[in-house]
Amino acid sequence: MLAWTIYISFLGAGLLTLLPRNSAALARRLALLTALAGLAVAVAGLIRFDPAAGTRMIADVPWIPALHIRYFLAADGISVTLVLLTGLAAVAGILFSWNIEQRTKEFFAFYLALIGGVYGVFLSFDLFLLFVFYEIAIIPKYFIIAIWGSTRREYGAMKLALYSFVGSAMVLIGMIAAFVVAGHLTGHYTFDLTVLARVPFPASFQRWAFPLVFIGFGILAGLWPFHTWAPTGHVAAPTAASMLLAGVVMKLGTYGCLRVAMTLFPAGVTMWRTEIAVLAVIGIVYGAMVALVQKDFKFVIGYSSVSHMGFVLLGLVTLNQIGLDGAVLQMFSHGILAGLLFGVVGRMVYDRTHTRELADLETMNLGRALPFAAVTFVIAAVASMGLPGFSGFVAELQVLVGAWSAFPKAAIAAGVGIVIGVAYLLRAVQRAFFSDMAARPVEAAAHHPLPPISWPERIGAGLLIAASLVVGLYPQVLLNVISPGVASLLEAMRKGGAL
Amino acid sequence: MNDLLVMGLEAAVLVAGLAVLLLDLWTPPAEKRNLGYAAAIAVGAILLASFAIVLPRPLAAFGGMFVLDEFALFFDRFFLLAALLVLVISVEFADRFETGVAEFYALILFALAGMMFAASANDFTLLFVSLELITVTFYVLTSFQRRQTQSLEAGVKYLILGALSSAFLVYGIALIYGTAGTMSFTRLAEAAPAVLDSRLLQTGLLLVLVGLGFKIAVVPFQIWAPDVYQGAPTPATAFLAVGSKAAGFVLLLRVLFTAVPALGPRWSRLLIVLSAVTILYGVLCAIPQRNLKRLMGYSSIANAGFLLLGVATLSRDGVSAVLYYLGGYLFTVLGAFAVICVALRHTEGEDIPALAGLHQRSPLLAATLAMAMVSLAGVPPLAGFFGKFLLLKSALMVAGDQPALYVLVAVAVVGVVISLYYYFGVIRAMYWPAEPVEQGHLPPIQLSRPLRWSLLLCIAGMLWLGVLPGMVVNLANLAAQTLLP
Amino acid sequence: MPADGHPYLFLALFAGAAVVFCLSLLGLARLWAMLVSPAKPGPTKNAPYECSLASQGDAWVQFRSAYYLYAIIFLVFDVETVFLLPFAVAFTHLSVGAFVAMMVFLLLLVEGLVWAWRKGALAWH
């Protein structure tokens with residue numbers, strides 16, 4: 001049934017292109033309806049998912065028989081969680097882009113195509129199919145940023161596209177190499193991930209194939225030092241695209257790292273995990289420190305994403321149950337919170353004030369003018385800092401606990417990153433919303449009254465906050481499905497020679 | 001008589017060409033343009049007829065000089081489909097010729113016949129004659145707009161360099177005949193192991209490679225391509241890009257795998273180097289291009305490099321990938337040239353920025369060109385991606401025996417990533433130009449019905465080969481199997 | 001020719017002798033010129049050598065392109081004859097296939113002629 005998330009999204013995208021011109025209102029409603037349907041399917045999938053039953057098959061038909069490529073969809077706990085995240089982010093993103101007037105139907109068509117591709121990646125268990133969906137997700141992203149973006153959009157879009165494609169090219173080579181080597185070894189050529197995971201690839205092969213594929217996916221996950229596309233891309237993108245980019249698309253990268261690179265090459269993980277942990281920690285600390293000195297509000301959030309994704313990568317290479325649980329949960333949590341932060345900055349603030357310079361925002365007294373935005377941002381910020389009660393806390397705590405047993409020094413450094421994270425978020429909150437400069441009445445009066453926060457924005461923000469709260473207060477709702485999936489992956493990796 | 005039946009498809013194309021010439025004599029001037037449709041219908045009928053051919057075993061005619069096997073049949077269909085689309089494009093272009101519209105159609109048909117003969121050539125004589133039939137017709141086709149200096153320049157350049165390469169080719173064939181004592185591929189294959197060490201034979205084969213390298217625009221014989229692509233009438237460019245290149249490849253494959261199979265391992269380094277250099281040259285030189293047709297010229301050089309990658313693997317998988325890639329290339333490039341042909345007449349100049357606002361003037365044109373660019377860039381789910389995937393896969397399959405292929409694969413991937421930049425530049429120019437154009441200046445572009453169908457066919461082809469590649473993969477495998485049993 | 005030498009030795013000697021002979025003559029002529037005729041160029045001396053009248057105008061004159069057409073169409077018949085004659089001589093020994101092939105060949109030539117005729121290539125404008 002989960003496969004319908006894919007079909008619904010592409011169907012919606014197709015229908016939107018068929019709409020007549022100048023039917024913006026209809027396009028919006030249709031897009032929202034599609035995303036809601038996708039979310040409903042995702043929620044139903046989560047409820048009906050039986051963690052004890054292991055990986056659930058969804059569809060398996062031959063696609064290109066000559067190459068043993070199959071249309072093979074399946075879901076384990078990790079997939080279900082990320083599909084749910086995609087559904088939430090998709091709905092929120094549409095609500096936050098309710099005000100798009102320029103070429104509305106094209107915007108939402110690209111948007112839904114992107115969502116469809118993302119759903120596809122999370123549900124594919126055939127490597128070739130996964131790659132195709134992965135690429136399908138990149139193209140609409142480029143278009144959305146380049147057409148509807150803002151600051152240096154063409155630069156940002158092209159940079160993002162080129163980085164993504166360099167990553168994909170590396171993945172492609174690694175994927176074909178795995179196909180060929182597995183075929184030579186076993187005599188059976190296949191892209192089936194469940195089969196490939198059981199192939200004992202020689203260590204000499206894993207030594208170069210693992211970093212190739214891991215970094216290939218890691219580029220999209222914002223792995224330092226390949227992260228530089230992320231801040232510029234996020235800033236250039238329109239609000240909904242930033243939300244999706246940070247919330248979901250970066251997760252494609254970490255998901256690929258886990259599902260493909262680590263599952264296929266367990267011995268390779270063991271060889272390279274220290275190096276990757278170092279890069280991840282550098283990403284955490286570096287991202288946080290750079291965020292601390294940004295002048296542009298959106299860049300703060302952009303770099304914070306790099307920092308938070310570092311936690312995911314660190315959690316992945318801990319190679320223990322709690323660390324990996326935390327990594328997957330952090331993917332979910334960061335997806336929700338980054339979406340919320342970008343929504344506030346891009347839609348609630350920038351679309352009204354037309355500036356993102358913190359120095360300008362300081363003069364506007366936004367805490368008074370846009371109380372809803374201020375409250376939402378504060379909630380998102382404290383959740384993102386890791387305040388207990390929100391999803392970020394559970395996730396980062398687990399990653400840290402996992403890292404403590406694997407890389408104690410890295411865990412300490414990551415802890416420092418959290419502290420800096422508190423600093424930059426507080427700085428952003430203070431300067432953007434509660435600056436005392438704004439007390440000066442002359443400056444404040446110079447601005448026109450800002451339009452009030454609209455209902456779609458309130459609903460979207462409420463949805464994301466609620467999701468973060470639910471997971472923060474009762475993490476078992478997700479951990480119950482994540483843990484068995486992670487456990488079976490870990491089990492397979494141990495058999496394959498990890499640790 | 002039997003021999004004539006074996007070459008029935010080619011004969012039918014020739015008859016169609018002659019018929020177009022004759023019909024022209026009694027057609028009123030206003031109707032001449034529509035002869036192109038008649039020619040297209042004839043080609044379509046021959047294409048359909050080709051699917052009725054069942055080959056339990058390869059057929060040979062004229063003492064083994066001409067063979068009809070699955071490999072030849074694959075290319076026959078390829079060329080017929082290409083010519084069909086080129087003829088439709090030509091009709092759109094026809095009113096820009098002062099005279100000789102029907103001759104243009106007839107020449108396309110004659111070039112098509114040459115290509116089909118090339119697909120079946122099993123003898124250096126037929127190789128040379130068919131190649132000359134193609135090249136000589138293209139001398140005329142490229143310079144068909146004789147009042148335009150650019151077109152004439154293209155024709156003259158193509159003539160001089162083409163004649164030079166033909167001279168190399170003939171010299172090479174003479175050397176081969178001198179050492180091996182035969183022109184036939186089959187008999188050469190029997191004689192070759194004994195004489196392969198002869199310097200003269202190797203020189204001869206190298207010269208043949210030079211002659212074929214010119215046709216497929218491989219570095220260092222690529223120098224003509226951008227100028228000719230830019231100057232020639234668009235339909236001629238389109239046919240040059242697809243048909244002539246594929247004809248070069250079909251002959252290269254026959255020579256390498258049928259005539260001198262023992263040569264492959266000795267040349268594999270050479271082919272790998274040529275392929276890598278060609279890819280890099282094509283993609284790097286394409287970056288600064290502003291003229292759309294010139295860009296396509298460099299892109300075709302890069303694509304020759306990718307195709308050569310498949311040849312350099314010297315495996316059946318590689319050959320099959322080459323055939324598949326050519327199939328995707330057909331739809332992609334002809335779709336692009338169809339758009340270029342129609343769109344550029346409504347714009348000022350042929351520069352890429354002139355495409356600004358094309359999506360408002362004709363969404364179908366813009367969509368086709370955008371998809372063609374995405375497919376050329378090798379992004380799923382379009383044909384170009386799957387072709388490149390097959391090529392890379394075939395290379396990695398045998399890279400264990402020839403480690404230089406790893407380097408080549410890396411170069412190819414770098415080339416693909418670089419190429420994204422300029423392909424996306426074209427899309428950007430159409431959808432969000434640097435200087436926004438005002439609505440009023442852009443009258444919508446009307447498309448004739450055949451052209452509309454052709455564009456849709458190209459889009460369908462790109463999607464079909466990208467999403468459901470199974471059937472064409474099987475066809476390509478079957479064809480490759482006859483070449484490399 | 002020495003019986004035990006390389007068969008090509010004779011050729012090499014011959015070629016060497018030919019080159020030396022030519023070079024020595026040229027050298028002699030050069031020497032002679034240096035001794036007896038010092039260089040004194042003048043307008044008359046530099047003019048192109050021609051008997052009778054002095055040349056006038058440019059040698060690059062235009063011909064009517066119709067001549068080309070005639071030449072090409074003439075070629076049609078020329079080639080035809082070249083192939084027809086051996087065909088006619090051997091006619092009684094040939095198979096039906098050869099006859100058909102020849103007729104196809106003739107038909108092609110006839111079509112070319114008809115085409116050129118209708119296109120007005122034979123009319124002198």
# chains A, B, ... in the order shown; residues from 1 in each chain; ligands from 1
$ select_by_dssp --residues "region 64-117 of chain A" --states "strand (DSSP E)" --output "PyMOL selection string"
chain A and resi 64+69-75
$ write_last_selection --atoms "C-alpha atoms" --output "PDB file, in the first residue's frame"
ATOM      1  CA  ILE A  64      14.502  -5.070 -17.352  1.00  0.00           C
ATOM      2  CA  ILE A  69      16.663  -5.339 -12.839  1.00  0.00           C
ATOM      3  CA  ARG A  70      13.380  -5.481 -10.993  1.00  0.00           C
ATOM      4  CA  TYR A  71      10.780  -3.044  -9.877  1.00  0.00           C
ATOM      5  CA  PHE A  72      11.189  -4.063  -6.270  1.00  0.00           C
ATOM      6  CA  LEU A  73       9.583  -1.993  -3.538  1.00  0.00           C
ATOM      7  CA  ALA A  74       9.670  -2.935   0.105  1.00  0.00           C
ATOM      8  CA  ALA A  75       9.704  -1.241   3.479  1.00  0.00           C
TER       9      ALA A  75
END
$ closest_atom_pairs --of "chain B" --to "chain C" --cutoff "12 Å" --atoms "only C-alpha atoms" --output "tab-separated table"
residue	atom	partner	partner_atom	distance
B:Met1	CA	C:Gly97	CA	6.4
B:Asn2	CA	C:Gly97	CA	9.8
B:Asp3	CA	C:Gly97	CA	9.9
B:Leu4	CA	C:Ala101	CA	9.7
B:Ala11	CA	C:Val104	CA	11.3
B:Leu14	CA	C:Leu108	CA	10.6
B:Val15	CA	C:Leu108	CA	10.0
B:Gly17	CA	C:Leu108	CA	11.6
B:Leu18	CA	C:Glu111	CA	8.0
B:Ala19	CA	C:Glu111	CA	9.7
B:Val20	CA	C:Trp115	CA	10.9
B:Leu21	CA	C:Trp115	CA	7.4
B:Leu22	CA	C:Trp115	CA	6.7
B:Leu23	CA	C:Trp115	CA	9.9
B:Asp24	CA	C:Trp115	CA	9.0
B:Leu25	CA	C:Arg118	CA	6.5
B:Trp26	CA	C:Arg118	CA	9.1
B:Thr27	CA	C:Arg118	CA	11.8
B:Thr99	CA	C:Lys119	CA	11.4
B:Gly100	CA	C:Lys119	CA	10.3
B:Ala102	CA	C:Trp115	CA	11.9
B:Glu103	CA	C:Trp115	CA	10.9
$ write_last_selection --atoms "N, CA and C atoms" --output "PDB file, in the first residue's frame"
ATOM      1  N   MET B   1      19.179 -13.204 -59.135  1.00  0.00           N
ATOM      2  CA  MET B   1      17.933 -12.597 -58.681  1.00  0.00           C
ATOM      3  C   MET B   1      17.845 -12.676 -57.162  1.00  0.00           C
ATOM      4  N   ASN B   2      18.307 -13.825 -56.633  1.00  0.00           N
ATOM      5  CA  ASN B   2      18.255 -14.008 -55.194  1.00  0.00           C
ATOM      6  C   ASN B   2      19.019 -12.915 -54.465  1.00  0.00           C
ATOM      7  N   ASP B   3      20.154 -12.561 -55.069  1.00  0.00           N
ATOM      8  CA  ASP B   3      20.976 -11.522 -54.467  1.00  0.00           C
ATOM      9  C   ASP B   3      20.205 -10.221 -54.344  1.00  0.00           C
ATOM     10  N   LEU B   4      19.438  -9.929 -55.387  1.00  0.00           N
ATOM     11  CA  LEU B   4      18.681  -8.677 -55.367  1.00  0.00           C
ATOM     12  C   LEU B   4      17.630  -8.697 -54.263  1.00  0.00           C
ATOM     13  N   ALA B  11      17.267  -1.675 -52.090  1.00  0.00           N
ATOM     14  CA  ALA B  11      16.754  -1.422 -53.430  1.00  0.00           C
ATOM     15  C   ALA B  11      15.491  -0.586 -53.345  1.00  0.00           C
ATOM     16  N   LEU B  14      16.353   2.974 -52.813  1.00  0.00           N
ATOM     17  CA  LEU B  14      16.870   3.593 -54.026  1.00  0.00           C
ATOM     18  C   LEU B  14      15.740   3.915 -54.994  1.00  0.00           C
ATOM     19  N   VAL B  15      14.823   2.949 -55.149  1.00  0.00           N
ATOM     20  CA  VAL B  15      13.694   3.185 -56.055  1.00  0.00           C
ATOM     21  C   VAL B  15      12.894   4.388 -55.573  1.00  0.00           C
ATOM     22  N   GLY B  17      14.000   6.908 -53.925  1.00  0.00           N
ATOM     23  CA  GLY B  17      14.759   8.108 -54.238  1.00  0.00           C
ATOM     24  C   GLY B  17      14.611   8.502 -55.691  1.00  0.00           C
ATOM     25  N   LEU B  18      14.726   7.505 -56.579  1.00  0.00           N
ATOM     26  CA  LEU B  18      14.575   7.798 -58.010  1.00  0.00           C
ATOM     27  C   LEU B  18      13.165   8.285 -58.301  1.00  0.00           C
ATOM     28  N   ALA B  19      12.187   7.677 -57.636  1.00  0.00           N
ATOM     29  CA  ALA B  19      10.806   8.066 -57.869  1.00  0.00           C
ATOM     30  C   ALA B  19      10.583   9.508 -57.451  1.00  0.00           C
ATOM     31  N   VAL B  20      11.190   9.911 -56.352  1.00  0.00           N
ATOM     32  CA  VAL B  20      11.034  11.304 -55.922  1.00  0.00           C
ATOM     33  C   VAL B  20      11.595  12.232 -56.988  1.00  0.00           C
ATOM     34  N   LEU B  21      12.756  11.864 -57.545  1.00  0.00           N
ATOM     35  CA  LEU B  21      13.345  12.699 -58.587  1.00  0.00           C
ATOM     36  C   LEU B  21      12.406  12.814 -59.785  1.00  0.00           C
ATOM     37  N   LEU B  22      11.817  11.693 -60.171  1.00  0.00           N
ATOM     38  CA  LEU B  22      10.947  11.717 -61.347  1.00  0.00           C
ATOM     39  C   LEU B  22       9.653  12.455 -61.061  1.00  0.00           C
ATOM     40  N   LEU B  23       9.075  12.170 -59.888  1.00  0.00           N
ATOM     41  CA  LEU B  23       7.816  12.824 -59.545  1.00  0.00           C
ATOM     42  C   LEU B  23       7.971  14.335 -59.530  1.00  0.00           C
ATOM     43  N   ASP B  24       9.133  14.759 -59.124  1.00  0.00           N
ATOM     44  CA  ASP B  24       9.418  16.188 -59.062  1.00  0.00           C
ATOM     45  C   ASP B  24       9.178  16.859 -60.407  1.00  0.00           C
ATOM     46  N   LEU B  25       9.451  16.106 -61.500  1.00  0.00           N
ATOM     47  CA  LEU B  25       9.373  16.715 -62.829  1.00  0.00           C
ATOM     48  C   LEU B  25       7.942  17.103 -63.182  1.00  0.00           C
ATOM     49  N   TRP B  26       6.994  16.347 -62.634  1.00  0.00           N
ATOM     50  CA  TRP B  26       5.611  16.620 -63.009  1.00  0.00           C
ATOM     51  C   TRP B  26       4.791  17.191 -61.844  1.00  0.00           C
ATOM     52  N   THR B  27       5.482  17.676 -60.823  1.00  0.00           N
ATOM     53  CA  THR B  27       4.766  18.250 -59.687  1.00  0.00           C
ATOM     54  C   THR B  27       4.787  19.768 -59.803  1.00  0.00           C
ATOM     55  N   THR B  99      15.727  26.557 -54.664  1.00  0.00           N
ATOM     56  CA  THR B  99      15.334  25.557 -55.649  1.00  0.00           C
ATOM     57  C   THR B  99      15.746  24.193 -55.119  1.00  0.00           C
ATOM     58  N   GLY B 100      15.296  23.196 -55.842  1.00  0.00           N
ATOM     59  CA  GLY B 100      15.834  21.868 -55.576  1.00  0.00           C
ATOM     60  C   GLY B 100      15.308  21.230 -54.322  1.00  0.00           C
ATOM     61  N   ALA B 102      12.941  18.972 -54.056  1.00  0.00           N
ATOM     62  CA  ALA B 102      12.798  17.523 -54.252  1.00  0.00           C
ATOM     63  C   ALA B 102      14.156  16.841 -54.279  1.00  0.00           C
ATOM     64  N   GLU B 103      15.154  17.533 -54.853  1.00  0.00           N
ATOM     65  CA  GLU B 103      16.485  16.940 -54.870  1.00  0.00           C
ATOM     66  C   GLU B 103      16.997  16.738 -53.457  1.00  0.00           C
TER      67      GLU B 103
END
$ select_by_dssp --residues "region 28-117 of chain C" --states "helix (DSSP H, G or I)" --output "ChimeraX atom specification"
/C:28-36,43-46,66-89,91-93,96-117
$ closest_residue --among "B:Glu31, B:Asp76, B:Glu98, B:Asp317" --to "Leu9 (chain B)" --atoms "only C-alpha atoms"
B:Asp76
$ interface_residues --of "chain A" --to "chain B" --cutoff "7 Å" --atoms "only C-alpha atoms" --output "PDB file with N, CA and C atoms, in the first residue's frame"
ATOM      1  N   ILE A  64      13.648  -4.875 -16.177  1.00  0.00           N
ATOM      2  CA  ILE A  64      14.502  -5.070 -17.352  1.00  0.00           C
ATOM      3  C   ILE A  64      15.106  -6.459 -17.210  1.00  0.00           C
ATOM      4  N   PRO A  65      14.414  -7.456 -17.712  1.00  0.00           N
ATOM      5  CA  PRO A  65      14.851  -8.845 -17.451  1.00  0.00           C
ATOM      6  C   PRO A  65      16.272  -9.107 -17.939  1.00  0.00           C
ATOM      7  N   ALA A  66      16.657  -8.469 -19.049  1.00  0.00           N
ATOM      8  CA  ALA A  66      17.977  -8.756 -19.607  1.00  0.00           C
ATOM      9  C   ALA A  66      19.079  -8.443 -18.596  1.00  0.00           C
ATOM     10  N   VAL A 132      17.487   5.441  -9.850  1.00  0.00           N
ATOM     11  CA  VAL A 132      16.645   6.192 -10.783  1.00  0.00           C
ATOM     12  C   VAL A 132      15.769   7.180 -10.015  1.00  0.00           C
ATOM     13  N   GLU A 135      17.791  10.121  -8.810  1.00  0.00           N
ATOM     14  CA  GLU A 135      18.067  11.119  -9.837  1.00  0.00           C
ATOM     15  C   GLU A 135      16.822  11.913 -10.185  1.00  0.00           C
ATOM     16  N   ILE A 136      15.675  11.223 -10.199  1.00  0.00           N
ATOM     17  CA  ILE A 136      14.423  11.914 -10.518  1.00  0.00           C
ATOM     18  C   ILE A 136      14.194  13.033  -9.510  1.00  0.00           C
ATOM     19  N   ILE A 147      14.017  28.618 -10.906  1.00  0.00           N
ATOM     20  CA  ILE A 147      12.903  29.449 -11.374  1.00  0.00           C
ATOM     21  C   ILE A 147      12.333  30.292 -10.249  1.00  0.00           C
ATOM     22  N   LEU A 162      25.253  20.410  -9.734  1.00  0.00           N
ATOM     23  CA  LEU A 162      26.540  19.813 -10.062  1.00  0.00           C
ATOM     24  C   LEU A 162      27.056  18.945  -8.912  1.00  0.00           C
ATOM     25  N   PHE A 165      25.179  15.780  -8.885  1.00  0.00           N
ATOM     26  CA  PHE A 165      25.510  14.854  -9.955  1.00  0.00           C
ATOM     27  C   PHE A 165      26.890  14.249  -9.767  1.00  0.00           C
ATOM     28  N   VAL A 166      27.800  15.007  -9.195  1.00  0.00           N
ATOM     29  CA  VAL A 166      29.087  14.396  -8.889  1.00  0.00           C
ATOM     30  C   VAL A 166      28.862  13.237  -7.929  1.00  0.00           C
ATOM     31  N   ALA A 169      27.270  10.388  -9.723  1.00  0.00           N
ATOM     32  CA  ALA A 169      28.206   9.694 -10.605  1.00  0.00           C
ATOM     33  C   ALA A 169      29.047   8.716  -9.801  1.00  0.00           C
ATOM     34  N   ILE A 176      27.491   0.022 -10.163  1.00  0.00           N
ATOM     35  CA  ILE A 176      27.765  -0.917 -11.254  1.00  0.00           C
ATOM     36  C   ILE A 176      28.901  -1.859 -10.858  1.00  0.00           C
ATOM     37  N   ALA A 177      29.893  -1.295 -10.152  1.00  0.00           N
ATOM     38  CA  ALA A 177      31.007  -2.138  -9.738  1.00  0.00           C
ATOM     39  C   ALA A 177      30.502  -3.249  -8.817  1.00  0.00           C
ATOM     40  N   VAL A 180      28.803  -5.858 -10.893  1.00  0.00           N
ATOM     41  CA  VAL A 180      29.739  -6.678 -11.664  1.00  0.00           C
ATOM     42  C   VAL A 180      30.490  -7.636 -10.752  1.00  0.00           C
TER      43      VAL A 180
END
$ residues_around --residues "Thr194 (chain A)" --least-positions-apart "5" --cutoff "10 Å" --atoms "only C-alpha atoms" --output "PyMOL selection string"
chain A and resi 55+125-127+199+263-264+492
$ atom_distance --atom1 "CA of Ala467 (chain A)" --atom2 "CA of Ala246 (chain A)"
16.7 Å
$ residues_around --residues "Arg294 (chain B)" --least-positions-apart "3" --cutoff "10 Å" --atoms "only C-alpha atoms" --output "JSON, numbers by chain"
{"B": [225, 226, 227, 228, 229, 230, 231, 286, 289, 290, 291, 297, 298, 299, 300, 350, 351]}
$ write_last_selection --atoms "C-alpha atoms" --output "PDB file, in the first residue's frame"
ATOM      1  CA  ALA B 225      32.319  18.782 -37.018  1.00  0.00           C
ATOM      2  CA  PRO B 226      31.460  22.087 -35.287  1.00  0.00           C
ATOM      3  CA  ASP B 227      31.816  24.185 -38.434  1.00  0.00           C
ATOM      4  CA  VAL B 228      29.833  21.817 -40.588  1.00  0.00           C
ATOM      5  CA  TYR B 229      27.139  21.326 -37.965  1.00  0.00           C
ATOM      6  CA  GLN B 230      26.760  25.056 -37.652  1.00  0.00           C
ATOM      7  CA  GLY B 231      26.755  25.915 -41.325  1.00  0.00           C
ATOM      8  CA  ALA B 286      31.200  22.771 -25.617  1.00  0.00           C
ATOM      9  CA  GLN B 289      29.679  27.748 -27.068  1.00  0.00           C
ATOM     10  CA  ARG B 290      26.876  30.175 -27.712  1.00  0.00           C
ATOM     11  CA  ASN B 291      25.612  28.925 -31.045  1.00  0.00           C
ATOM     12  CA  GLY B 297      28.466  19.708 -32.889  1.00  0.00           C
ATOM     13  CA  TYR B 298      30.684  19.512 -29.845  1.00  0.00           C
ATOM     14  CA  SER B 299      28.117  17.428 -28.061  1.00  0.00           C
ATOM     15  CA  SER B 300      28.205  14.978 -30.951  1.00  0.00           C
ATOM     16  CA  GLU B 350      21.072  31.000 -33.672  1.00  0.00           C
ATOM     17  CA  ASP B 351      22.522  31.822 -30.294  1.00  0.00           C
TER      18      ASP B 351
END
